[in-house]
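Listing of structure35.cif; format and content: mmCIF, C-alpha atoms.
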data_final
#
loop_
_atom_site.group_PDB
_atom_site.id
_atom_site.type_symbol
_atom_site.label_atom_id
_atom_site.label_comp_id
_atom_site.auth_asym_id
_atom_site.auth_seq_id
_atom_site.Cartn_x
_atom_site.Cartn_y
_atom_site.Cartn_z
ATOM 1 C CA MET K 3 7.711 22.574 -7.978
ATOM 2 C CA SER K 4 6.969 23.831 -4.459
ATOM 3 C CA GLN K 5 4.096 21.506 -3.605
ATOM 4 C CA PRO K 6 3.704 17.827 -4.511
ATOM 5 C CA ILE K 7 0.930 16.536 -6.725
ATOM 6 C CA VAL K 8 -0.548 13.215 -5.610
ATOM 7 C CA HIS K 9 -2.325 10.903 -8.047
ATOM 8 C CA HIS K 10 -4.372 7.942 -6.787
ATOM 9 C CA LEU K 11 -4.049 4.798 -8.922
ATOM 10 C CA ASP K 12 -5.907 1.483 -8.808
ATOM 11 C CA CYS K 13 -3.271 -0.958 -10.021
ATOM 12 C CA ALA K 14 -4.942 -4.348 -9.504
ATOM 13 C CA PRO K 15 -8.746 -4.507 -9.178
ATOM 14 C CA MET K 16 -9.732 -7.777 -7.517
ATOM 15 C CA HIS K 17 -12.979 -9.700 -7.122
ATOM 16 C CA PRO K 18 -12.484 -12.049 -4.168
ATOM 17 C CA VAL K 19 -14.679 -15.086 -3.779
ATOM 18 C CA GLY K 20 -17.526 -14.274 -1.401
ATOM 19 C CA GLY K 21 -16.463 -10.651 -0.877
ATOM 20 C CA ALA K 22 -16.883 -7.166 -2.259
ATOM 21 C CA PRO K 23 -14.632 -5.919 -5.093
ATOM 22 C CA LEU K 24 -11.244 -4.622 -3.966
ATOM 23 C CA VAL K 25 -8.827 -2.080 -5.394
ATOM 24 C CA ALA K 26 -5.040 -1.859 -5.211
ATOM 25 C CA HIS K 27 -4.670 1.744 -4.084
ATOM 26 C CA CYS K 28 -1.258 3.111 -5.053
ATOM 27 C CA LEU K 29 0.025 6.685 -4.949
ATOM 28 C CA LEU K 30 2.078 8.567 -7.509
ATOM 29 C CA VAL K 31 3.722 11.565 -5.839
ATOM 30 C CA VAL K 32 5.031 14.165 -8.277
ATOM 31 C CA THR K 33 7.859 16.184 -6.756
ATOM 32 C CA GLY K 34 10.220 18.778 -8.125
ATOM 33 C CA SER K 35 13.008 16.230 -8.376
ATOM 34 C CA GLY K 36 11.153 13.209 -9.722
ATOM 35 C CA LEU K 37 8.335 10.739 -9.142
ATOM 36 C CA VAL K 38 7.695 8.630 -6.051
ATOM 37 C CA LEU K 39 5.439 5.574 -6.165
ATOM 38 C CA VAL K 40 3.819 4.158 -3.027
ATOM 39 C CA ASP K 41 3.235 0.437 -3.727
ATOM 40 C CA THR K 42 3.045 -0.843 -7.303
ATOM 41 C CA GLY K 43 0.082 -3.190 -7.540
ATOM 42 C CA LEU K 44 0.493 -5.956 -10.091
ATOM 43 C CA GLY K 45 3.013 -5.489 -12.870
ATOM 44 C CA ALA K 46 3.308 -6.162 -16.574
ATOM 45 C CA ALA K 47 5.019 -9.536 -15.991
ATOM 46 C CA ASP K 48 2.155 -10.630 -13.708
ATOM 47 C CA VAL K 49 -0.293 -9.912 -16.520
ATOM 48 C CA SER K 50 1.870 -11.763 -19.039
ATOM 49 C CA ASP K 51 2.388 -14.783 -16.765
ATOM 50 C CA PRO K 52 -0.343 -14.963 -14.077
ATOM 51 C CA ARG K 53 0.893 -18.385 -12.959
ATOM 52 C CA ARG K 54 3.676 -16.777 -10.979
ATOM 53 C CA LEU K 55 1.104 -15.212 -8.633
ATOM 54 C CA GLY K 56 0.251 -18.668 -7.353
ATOM 55 C CA PRO K 57 -2.999 -20.646 -7.609
ATOM 56 C CA PHE K 58 -4.326 -19.647 -4.176
ATOM 57 C CA PHE K 59 -4.094 -15.915 -4.874
ATOM 58 C CA ARG K 60 -5.550 -16.222 -8.386
ATOM 59 C CA ARG K 61 -8.484 -18.379 -7.305
ATOM 60 C CA THR K 62 -9.415 -16.511 -4.152
ATOM 61 C CA MET K 63 -8.691 -12.901 -5.143
ATOM 62 C CA ARG K 64 -9.445 -13.156 -8.889
ATOM 63 C CA PRO K 65 -7.389 -10.126 -9.974
ATOM 64 C CA THR K 66 -8.131 -8.178 -13.141
ATOM 65 C CA LEU K 67 -5.134 -8.814 -15.388
ATOM 66 C CA ASP K 68 -5.023 -5.819 -17.707
ATOM 67 C CA LEU K 69 -1.842 -4.078 -18.843
ATOM 68 C CA SER K 70 -3.634 -0.714 -18.929
ATOM 69 C CA ARG K 71 -4.234 -0.975 -15.164
ATOM 70 C CA THR K 72 -0.574 -1.473 -14.258
ATOM 71 C CA ALA K 73 1.205 1.460 -12.633
ATOM 72 C CA VAL K 74 3.688 1.864 -15.478
ATOM 73 C CA HIS K 75 0.903 2.249 -18.053
ATOM 74 C CA GLN K 76 -1.178 4.573 -15.859
ATOM 75 C CA ILE K 77 1.832 6.794 -15.202
ATOM 76 C CA ARG K 78 2.470 7.040 -18.927
ATOM 77 C CA ALA K 79 -1.227 7.796 -19.553
ATOM 78 C CA LEU K 80 -1.015 10.692 -17.072
ATOM 79 C CA GLY K 81 1.726 12.217 -19.224
ATOM 80 C CA TYR K 82 4.728 11.289 -17.067
ATOM 81 C CA ASP K 83 7.786 9.299 -17.999
ATOM 82 C CA PRO K 84 7.984 6.056 -15.973
ATOM 83 C CA TYR K 85 11.772 6.391 -16.047
ATOM 84 C CA ASP K 86 11.340 9.418 -13.765
ATOM 85 C CA VAL K 87 10.127 7.148 -10.944
ATOM 86 C CA GLN K 88 13.143 7.453 -8.673
ATOM 87 C CA ASP K 89 11.757 5.963 -5.454
ATOM 88 C CA ILE K 90 9.226 3.255 -4.666
ATOM 89 C CA VAL K 91 8.010 3.041 -1.070
ATOM 90 C CA ILE K 92 6.546 -0.367 -0.239
ATOM 91 C CA THR K 93 3.987 -0.925 2.533
ATOM 92 C CA HIS K 94 4.874 -4.637 2.290
ATOM 93 C CA LEU K 95 5.995 -7.127 -0.330
ATOM 94 C CA ASP K 96 2.834 -9.187 -0.905
ATOM 95 C CA GLN K 97 2.387 -10.062 -4.580
ATOM 96 C CA ASP K 98 -0.403 -7.523 -5.162
ATOM 97 C CA HIS K 99 1.771 -4.706 -3.789
ATOM 98 C CA ALA K 100 5.178 -5.483 -5.294
ATOM 99 C CA GLY K 101 4.320 -6.931 -8.700
ATOM 100 C CA GLY K 102 5.282 -3.789 -10.580
ATOM 101 C CA LEU K 103 8.804 -3.418 -9.176
ATOM 102 C CA ALA K 104 10.415 -4.746 -12.354
ATOM 103 C CA ASP K 105 8.582 -2.107 -14.412
ATOM 104 C CA PHE K 106 10.793 0.513 -12.710
ATOM 105 C CA PRO K 107 14.189 -1.223 -12.639
ATOM 106 C CA ASP K 108 16.209 1.916 -11.872
ATOM 107 C CA ALA K 109 14.112 3.060 -8.897
ATOM 108 C CA ARG K 110 15.252 2.821 -5.294
ATOM 109 C CA VAL K 111 12.903 0.481 -3.411
ATOM 110 C CA HIS K 112 12.313 1.427 0.240
ATOM 111 C CA VAL K 113 11.245 -1.382 2.562
ATOM 112 C CA MET K 114 11.311 -2.031 6.302
ATOM 113 C CA ALA K 115 14.044 -4.432 7.455
ATOM 114 C CA ASP K 116 11.678 -7.004 8.993
ATOM 115 C CA GLU K 117 9.699 -7.144 5.751
ATOM 116 C CA TYR K 118 12.815 -7.510 3.640
ATOM 117 C CA ARG K 119 14.090 -10.389 5.782
ATOM 118 C CA ALA K 120 10.735 -12.196 5.759
ATOM 119 C CA ALA K 121 10.382 -11.890 1.982
ATOM 120 C CA MET K 122 13.923 -13.006 1.255
ATOM 121 C CA ARG K 123 13.865 -15.984 3.651
ATOM 122 C CA ARG K 124 10.248 -17.183 3.153
ATOM 123 C CA GLU K 125 10.571 -19.465 6.174
ATOM 124 C CA THR K 126 6.883 -20.202 6.772
ATOM 125 C CA ARG K 127 4.179 -21.657 4.567
ATOM 126 C CA LEU K 128 2.308 -18.346 4.686
ATOM 127 C CA ASP K 129 5.420 -16.432 3.627
ATOM 128 C CA SER K 130 6.006 -18.866 0.763
ATOM 129 C CA SER K 131 2.508 -18.233 -0.550
ATOM 130 C CA ARG K 132 2.499 -14.445 -0.218
ATOM 131 C CA TYR K 133 5.986 -13.472 -1.433
ATOM 132 C CA VAL K 134 6.925 -14.000 -5.099
ATOM 133 C CA PRO K 135 10.714 -13.784 -5.626
ATOM 134 C CA ALA K 136 10.208 -13.518 -9.393
ATOM 135 C CA GLN K 137 8.833 -10.016 -8.790
ATOM 136 C CA TRP K 138 12.271 -8.817 -7.667
ATOM 137 C CA ALA K 139 14.476 -11.174 -9.674
ATOM 138 C CA HIS K 140 15.729 -8.157 -11.664
ATOM 139 C CA GLY K 141 17.701 -7.033 -8.605
ATOM 140 C CA PRO K 142 16.125 -3.813 -7.294
ATOM 141 C CA GLN K 143 18.129 -1.085 -5.597
ATOM 142 C CA TRP K 144 16.870 -1.963 -2.132
ATOM 143 C CA VAL K 145 16.938 0.690 0.564
ATOM 144 C CA VAL K 146 16.324 -1.243 3.787
ATOM 145 C CA HIS K 147 15.156 0.857 6.738
ATOM 146 C CA ASP K 148 16.098 -0.913 9.944
ATOM 147 C CA THR K 149 15.566 1.935 12.379
ATOM 148 C CA ALA K 150 12.835 4.439 13.070
ATOM 149 C CA ASP K 151 14.653 7.778 13.053
ATOM 150 C CA SER K 152 11.626 10.065 13.400
ATOM 151 C CA ASN K 153 8.427 10.585 15.339
ATOM 152 C CA TRP K 154 5.244 11.076 13.356
ATOM 153 C CA HIS K 155 2.166 12.017 15.431
ATOM 154 C CA GLY K 156 3.237 9.664 18.201
ATOM 155 C CA PHE K 157 4.270 6.836 15.872
ATOM 156 C CA ALA K 158 7.861 5.777 15.316
ATOM 157 C CA ALA K 159 8.749 6.390 11.677
ATOM 158 C CA ALA K 160 11.567 6.118 9.152
ATOM 159 C CA ARG K 161 12.004 9.145 6.909
ATOM 160 C CA VAL K 162 12.278 8.511 3.165
ATOM 161 C CA LEU K 163 12.212 12.073 1.784
ATOM 162 C CA ARG K 164 12.071 15.569 3.195
ATOM 163 C CA SER K 165 10.679 17.488 0.212
ATOM 164 C CA PRO K 166 7.878 16.531 0.378
ATOM 165 C CA ASP K 167 7.937 14.725 3.708
ATOM 166 C CA ILE K 168 7.416 10.995 3.127
ATOM 167 C CA LEU K 169 7.790 8.598 6.054
ATOM 168 C CA MET K 170 7.378 4.885 6.651
ATOM 169 C CA VAL K 171 5.332 4.155 9.791
ATOM 170 C CA PRO K 172 5.728 0.564 11.058
ATOM 171 C CA LEU K 173 2.372 -1.189 11.581
ATOM 172 C CA PRO K 174 3.264 -4.886 11.909
ATOM 173 C CA GLY K 175 0.628 -7.568 11.993
ATOM 174 C CA HIS K 176 -0.507 -8.239 8.458
ATOM 175 C CA THR K 177 3.137 -9.073 7.745
ATOM 176 C CA ARG K 178 6.224 -8.852 9.974
ATOM 177 C CA GLY K 179 7.483 -5.632 8.437
ATOM 178 C CA HIS K 180 4.223 -4.102 7.277
ATOM 179 C CA CYS K 181 4.133 -0.315 7.411
ATOM 180 C CA ALA K 182 1.968 2.655 6.529
ATOM 181 C CA VAL K 183 3.331 5.484 4.394
ATOM 182 C CA ALA K 184 2.731 9.122 5.371
ATOM 183 C CA VAL K 185 2.832 11.741 2.611
ATOM 184 C CA GLN K 186 2.558 15.452 3.359
ATOM 185 C CA GLU K 187 0.226 17.505 1.196
ATOM 186 C CA PRO K 188 -0.047 21.309 1.544
ATOM 187 C CA ALA K 189 -2.976 21.245 3.997
ATOM 188 C CA ARG K 190 -2.976 17.716 5.376
ATOM 189 C CA TRP K 191 -1.203 14.403 5.673
ATOM 190 C CA LEU K 192 -2.153 11.321 3.686
ATOM 191 C CA LEU K 193 -1.587 8.051 5.532
ATOM 192 C CA HIS K 194 -1.596 5.061 3.211
ATOM 193 C CA ALA K 195 -2.229 2.309 5.749
ATOM 194 C CA GLY K 196 -1.520 -0.586 3.391
ATOM 195 C CA ASP K 197 -3.238 -3.766 4.570
ATOM 196 C CA ALA K 198 -3.615 -2.678 8.189
ATOM 197 C CA TYR K 199 -7.320 -3.006 7.360
ATOM 198 C CA PHE K 200 -9.398 -3.828 4.272
ATOM 199 C CA PHE K 201 -12.770 -2.193 5.005
ATOM 200 C CA HIS K 202 -13.363 1.474 5.840
ATOM 201 C CA GLY K 203 -15.783 0.584 8.637
ATOM 202 C CA GLU K 204 -12.921 -0.910 10.633
ATOM 203 C CA ILE K 205 -11.647 2.549 11.580
ATOM 204 C CA ASP K 206 -15.079 4.006 12.225
ATOM 205 C CA GLN K 207 -14.818 5.817 15.544
ATOM 206 C CA ARG K 208 -18.368 5.135 16.738
ATOM 207 C CA ARG K 209 -19.154 1.668 15.395
ATOM 208 C CA PRO K 210 -16.171 -0.276 14.059
ATOM 209 C CA ARG K 211 -17.365 -3.061 11.778
ATOM 210 C CA CYS K 212 -16.227 -5.376 9.010
ATOM 211 C CA PRO K 213 -18.048 -7.824 6.717
ATOM 212 C CA ARG K 214 -17.619 -11.378 7.965
ATOM 213 C CA ALA K 215 -15.901 -12.700 4.836
ATOM 214 C CA THR K 216 -13.430 -9.814 4.824
ATOM 215 C CA ALA K 217 -12.692 -10.219 8.533
ATOM 216 C CA LEU K 218 -12.057 -13.935 8.055
ATOM 217 C CA HIS K 219 -9.730 -13.305 5.129
ATOM 218 C CA GLN K 220 -7.692 -10.802 7.137
ATOM 219 C CA ARG K 221 -7.341 -13.259 10.012
ATOM 220 C CA LEU K 222 -6.179 -16.036 7.673
ATOM 221 C CA VAL K 223 -3.517 -13.953 5.893
ATOM 222 C CA ALA K 224 -2.211 -12.052 8.931
ATOM 223 C CA GLU K 225 1.217 -13.007 10.195
ATOM 224 C CA ASN K 226 0.105 -11.867 13.678
ATOM 225 C CA HIS K 227 -3.621 -11.157 13.897
ATOM 226 C CA ALA K 228 -3.522 -9.888 17.501
ATOM 227 C CA GLU K 229 -0.804 -7.392 16.585
ATOM 228 C CA ARG K 230 -2.799 -6.277 13.555
ATOM 229 C CA LEU K 231 -5.779 -5.514 15.799
ATOM 230 C CA THR K 232 -3.541 -3.527 18.148
ATOM 231 C CA GLN K 233 -2.287 -1.400 15.265
ATOM 232 C CA LEU K 234 -5.837 -0.967 14.004
ATOM 233 C CA GLU K 235 -6.866 0.499 17.352
ATOM 234 C CA ARG K 236 -3.912 2.901 17.135
ATOM 235 C CA LEU K 237 -5.183 4.045 13.740
ATOM 236 C CA ARG K 238 -8.633 4.685 15.215
ATOM 237 C CA GLU K 239 -7.055 6.788 17.960
ATOM 238 C CA LEU K 240 -5.054 8.738 15.386
ATOM 239 C CA ARG K 241 -8.160 9.408 13.349
ATOM 240 C CA ARG K 242 -9.990 10.525 16.468
ATOM 241 C CA ALA K 243 -7.206 12.937 17.420
ATOM 242 C CA ASP K 244 -6.565 14.558 14.022
ATOM 243 C CA PRO K 245 -9.567 13.924 11.730
ATOM 244 C CA ARG K 246 -8.976 16.971 9.523
ATOM 245 C CA LEU K 247 -5.190 16.982 9.431
ATOM 246 C CA ILE K 248 -4.667 13.308 8.609
ATOM 247 C CA ARG K 249 -6.543 11.359 5.928
ATOM 248 C CA ILE K 250 -6.236 7.627 6.587
ATOM 249 C CA PHE K 251 -7.008 5.061 3.896
ATOM 250 C CA SER K 252 -6.090 1.470 3.127
ATOM 251 C CA SER K 253 -4.890 -0.410 0.072
ATOM 252 C CA HIS K 254 -8.030 -2.285 -0.871
ATOM 253 C CA ASP K 255 -11.159 -0.366 0.111
ATOM 254 C CA ALA K 256 -13.057 0.683 -3.026
ATOM 255 C CA HIS K 257 -15.190 3.203 -1.096
ATOM 256 C CA GLU K 258 -12.132 5.114 0.108
ATOM 257 C CA PHE K 259 -10.596 5.086 -3.373
ATOM 258 C CA ALA K 260 -13.828 6.464 -4.867
ATOM 259 C CA GLN K 261 -13.847 9.297 -2.324
ATOM 260 C CA PHE K 262 -10.505 10.559 -3.628
ATOM 261 C CA GLY K 263 -11.912 10.461 -7.146
ATOM 262 C CA ALA K 264 -14.895 12.516 -6.023
ATOM 263 C CA GLU K 265 -12.568 15.056 -4.385
ATOM 264 C CA ARG K 266 -10.605 15.395 -7.614
ATOM 265 C CA LEU K 267 -13.762 15.955 -9.650
ATOM 266 C CA GLY K 268 -14.918 18.541 -7.127
ATOM 267 C CA ARG K 269 -11.693 20.488 -7.561
ATOM 268 C CA VAL K 270 -11.993 20.306 -11.350
ATOM 269 C CA HIS K 271 -15.557 21.610 -11.333
#
Spell out the structure here as structure tokens.
Amino acid sequence: MSQPIVHHLDCAPMHPVGGAPLVAHCLLVVTGSGLVLVDTGLGAADVSDPRRLGPFFRRTMRPTLDLSRTAVHQIRALGYDPYDVQDIVITHLDQDHAGGLADFPDARVHVMADEYRAAMRRETRLDSSRYVPAQWAHGPQWVVHDTADSNWHGFAAARVLRSPDILMVPLPGHTRGHCAVAVQEPARWLLHAGDAYFFHGEIDQRRPRCPRATALHQRLVAENHAERLTQLERLRELRRADPRLIRIFSSHDAHEFAQFGAERLGRVH
């Protein structure tokens, strides 16, 4: 296969208290040598035992717990074998991004070093509430990236694959080792920005904006809110510089996710 196929999956719809519905935007990248998953959303074990997600997350985010929405079931529904998922690239290890790791026990799991250390140590109260060790109790094949060995459009980056090009782009703030993931398509780059922002209006070039409840939530769950805002401004600059060559989107914005669905339907028709 000369060019990758990218599928957009919503692997944990959420209905936060006082806010708009959210998605858990994951990517399935089909390459000639196997499947690559960017984030996992919630997993089968989370659906079977929601208590492990913690009471705060369940009460505030109110996730949809449906086996058919998990990545492993959606991959199978698309006609692929989940055992062909060879690599999982994680933007960060929050419970709504890493819950499906155990559904792909043989996959290599790529994570930034700062994120790995924070999740394993859980030294702060915030870290204890956001990271769920049960989600990686099966012992994943961790691939910890502790250096940025590449430059991607002015951003330091760690290369995961070369065919297609997939890179991890550190964007700390939401968590210590939070990163975006860049995936090269034939005519453009996709930049999965993880939780660098939640609402598409935040990277609007003319009038950045965010609903009050969403802005408050991001401030409360950010490991370093000031750093998150700095990285957000960098994303705006990137969008301003290369609006047609780079498509930026976040993990949870339902409007952005729907746009990719509309693009797919346009290609079909």
- Task: Name the residues in contact with region 244-248 of chain K at a cut-off of 9 Å, using all atoms listed in the file, excluding same-chain residues fewer than 3 positions from it; report them as a PyMOL selection string.
- Result: chain K and resi 189-193+239-241
Running the PyMOL selection byres ((chain K and resi 75-82) around 12) on this model by hand, what would come out? Give it as an mmCIF file with C-alpha atoms, in the coordinates of the input.
data_model
loop_
_atom_site.group_PDB
_atom_site.id
_atom_site.type_symbol
_atom_site.label_atom_id
_atom_site.label_comp_id
_atom_site.auth_asym_id
_atom_site.auth_seq_id
_atom_site.Cartn_x
_atom_site.Cartn_y
_atom_site.Cartn_z
ATOM 1 C CA VAL K 8 -0.548 13.215 -5.610
ATOM 2 C CA HIS K 9 -2.325 10.903 -8.047
ATOM 3 C CA HIS K 10 -4.372 7.942 -6.787
ATOM 4 C CA LEU K 11 -4.049 4.798 -8.922
ATOM 5 C CA ASP K 12 -5.907 1.483 -8.808
ATOM 6 C CA CYS K 13 -3.271 -0.958 -10.021
ATOM 7 C CA ALA K 14 -4.942 -4.348 -9.504
ATOM 8 C CA CYS K 28 -1.258 3.111 -5.053
ATOM 9 C CA LEU K 29 0.025 6.685 -4.949
ATOM 10 C CA LEU K 30 2.078 8.567 -7.509
ATOM 11 C CA VAL K 31 3.722 11.565 -5.839
ATOM 12 C CA VAL K 32 5.031 14.165 -8.277
ATOM 13 C CA THR K 33 7.859 16.184 -6.756
ATOM 14 C CA GLY K 36 11.153 13.209 -9.722
ATOM 15 C CA LEU K 37 8.335 10.739 -9.142
ATOM 16 C CA VAL K 38 7.695 8.630 -6.051
ATOM 17 C CA LEU K 39 5.439 5.574 -6.165
ATOM 18 C CA THR K 42 3.045 -0.843 -7.303
ATOM 19 C CA GLY K 43 0.082 -3.190 -7.540
ATOM 20 C CA LEU K 44 0.493 -5.956 -10.091
ATOM 21 C CA GLY K 45 3.013 -5.489 -12.870
ATOM 22 C CA ALA K 46 3.308 -6.162 -16.574
ATOM 23 C CA ASP K 68 -5.023 -5.819 -17.707
ATOM 24 C CA LEU K 69 -1.842 -4.078 -18.843
ATOM 25 C CA SER K 70 -3.634 -0.714 -18.929
ATOM 26 C CA ARG K 71 -4.234 -0.975 -15.164
ATOM 27 C CA THR K 72 -0.574 -1.473 -14.258
ATOM 28 C CA ALA K 73 1.205 1.460 -12.633
ATOM 29 C CA VAL K 74 3.688 1.864 -15.478
ATOM 30 C CA ASP K 83 7.786 9.299 -17.999
ATOM 31 C CA PRO K 84 7.984 6.056 -15.973
ATOM 32 C CA TYR K 85 11.772 6.391 -16.047
ATOM 33 C CA ASP K 86 11.340 9.418 -13.765
ATOM 34 C CA VAL K 87 10.127 7.148 -10.944
ATOM 35 C CA GLY K 102 5.282 -3.789 -10.580
ATOM 36 C CA ASP K 105 8.582 -2.107 -14.412
ATOM 37 C CA PHE K 106 10.793 0.513 -12.710
#
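Interatomic distance, CA of Val183 (chain K) to CA of Met170 (chain K): 4.7 Å.
Distances here use only C-alpha atoms; by that measure, the residue among K:Val185, K:Leu234, K:Ala120, K:Leu103 closest to His202 (chain K) is K:Leu234.
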Residues of region 63-164 of chain K that approach region 206-223 of chain K to 10 Å or less, counting only C-alpha atoms: could you list each one with the shortest pair of atoms and its distance in Å to one decimal, rows by chain and increasing residue number, as JSON lines?
{"residue": "K:Leu128", "atom": "CA", "partner": "K:Val223", "partner_atom": "CA", "distance": 7.4}
{"residue": "K:Asp129", "atom": "CA", "partner": "K:Val223", "partner_atom": "CA", "distance": 9.5}
{"residue": "K:Ser131", "atom": "CA", "partner": "K:Val223", "partner_atom": "CA", "distance": 9.8}
{"residue": "K:Arg132", "atom": "CA", "partner": "K:Val223", "partner_atom": "CA", "distance": 8.6}
Expansion of the PyMOL selection byres ((chain K and resi 110) around 8) into residues, as a PDB file with C-alpha atoms, in the frame of the given file:
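And here is the file that came out, out36.pdb:
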ATOM      1  CA  GLN K  88      13.143   7.453  -8.673  1.00  0.00           C
ATOM      2  CA  ASP K  89      11.757   5.963  -5.454  1.00  0.00           C
ATOM      3  CA  ILE K  90       9.226   3.255  -4.666  1.00  0.00           C
ATOM      4  CA  ASP K 108      16.209   1.916 -11.872  1.00  0.00           C
ATOM      5  CA  ALA K 109      14.112   3.060  -8.897  1.00  0.00           C
ATOM      6  CA  VAL K 111      12.903   0.481  -3.411  1.00  0.00           C
ATOM      7  CA  HIS K 112      12.313   1.427   0.240  1.00  0.00           C
ATOM      8  CA  PRO K 142      16.125  -3.813  -7.294  1.00  0.00           C
ATOM      9  CA  GLN K 143      18.129  -1.085  -5.597  1.00  0.00           C
ATOM     10  CA  TRP K 144      16.870  -1.963  -2.132  1.00  0.00           C
ATOM     11  CA  VAL K 145      16.938   0.690   0.564  1.00  0.00           C
TER      12      VAL K 145
END
- From K:Gln137, K:Pro172, K:His180, K:Asp98, residue lying nearest Asp151 (chain K) [all atoms listed in the file]: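 Nearest to Asp151 (chain K): K:Pro172.
Between CA of Asp96 (chain K) and CA of Tyr133 (chain K) lies a distance of 5.3 Å.
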- Item | Distance of CA of Glu117 (chain K) from CA of Pro174 (chain K), expressed in Å to one decimal place |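 Here the two named atoms are 9.2 Å from each other.
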- Query: Can you list, as a PyMOL selection string, the residues that the PyMOL selection byres ((chain K and resi 158) around 10) selects here?
  - Reply: chain K and resi 149-157+159-161+169-173
- Residues within 6 Å of (9.0, -3.1, -0.4), file coords, all atoms listed in the file, listed as a PyMOL selection string: chain K and resi 92+94-95+112-113
- Of the candidates K:Ala139, K:Gln186, K:Phe200, K:Ser130, which shows the shortest atom-to-atom distance to Pro6 (chain K), using all atoms listed in the file?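 That would be K:Gln186, the residue with the smallest distance to Pro6 (chain K).
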- Message: With distances taken over all atoms listed in the file, which residue among K:Asp51, K:Phe259, K:Gly141, K:Pro135 lies nearest Pro23 (chain K)?
- Response: K:Phe259
- Task: Give the answer as one residue: which of K:Ala26, K:Met122, K:Ala136, K:Ala115 has the shortest atom-to-atom distance to Ala256 (chain K), using all atoms listed in the file?
- Result: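 Result for the nearest residue to Ala256 (chain K): K:Ala26.
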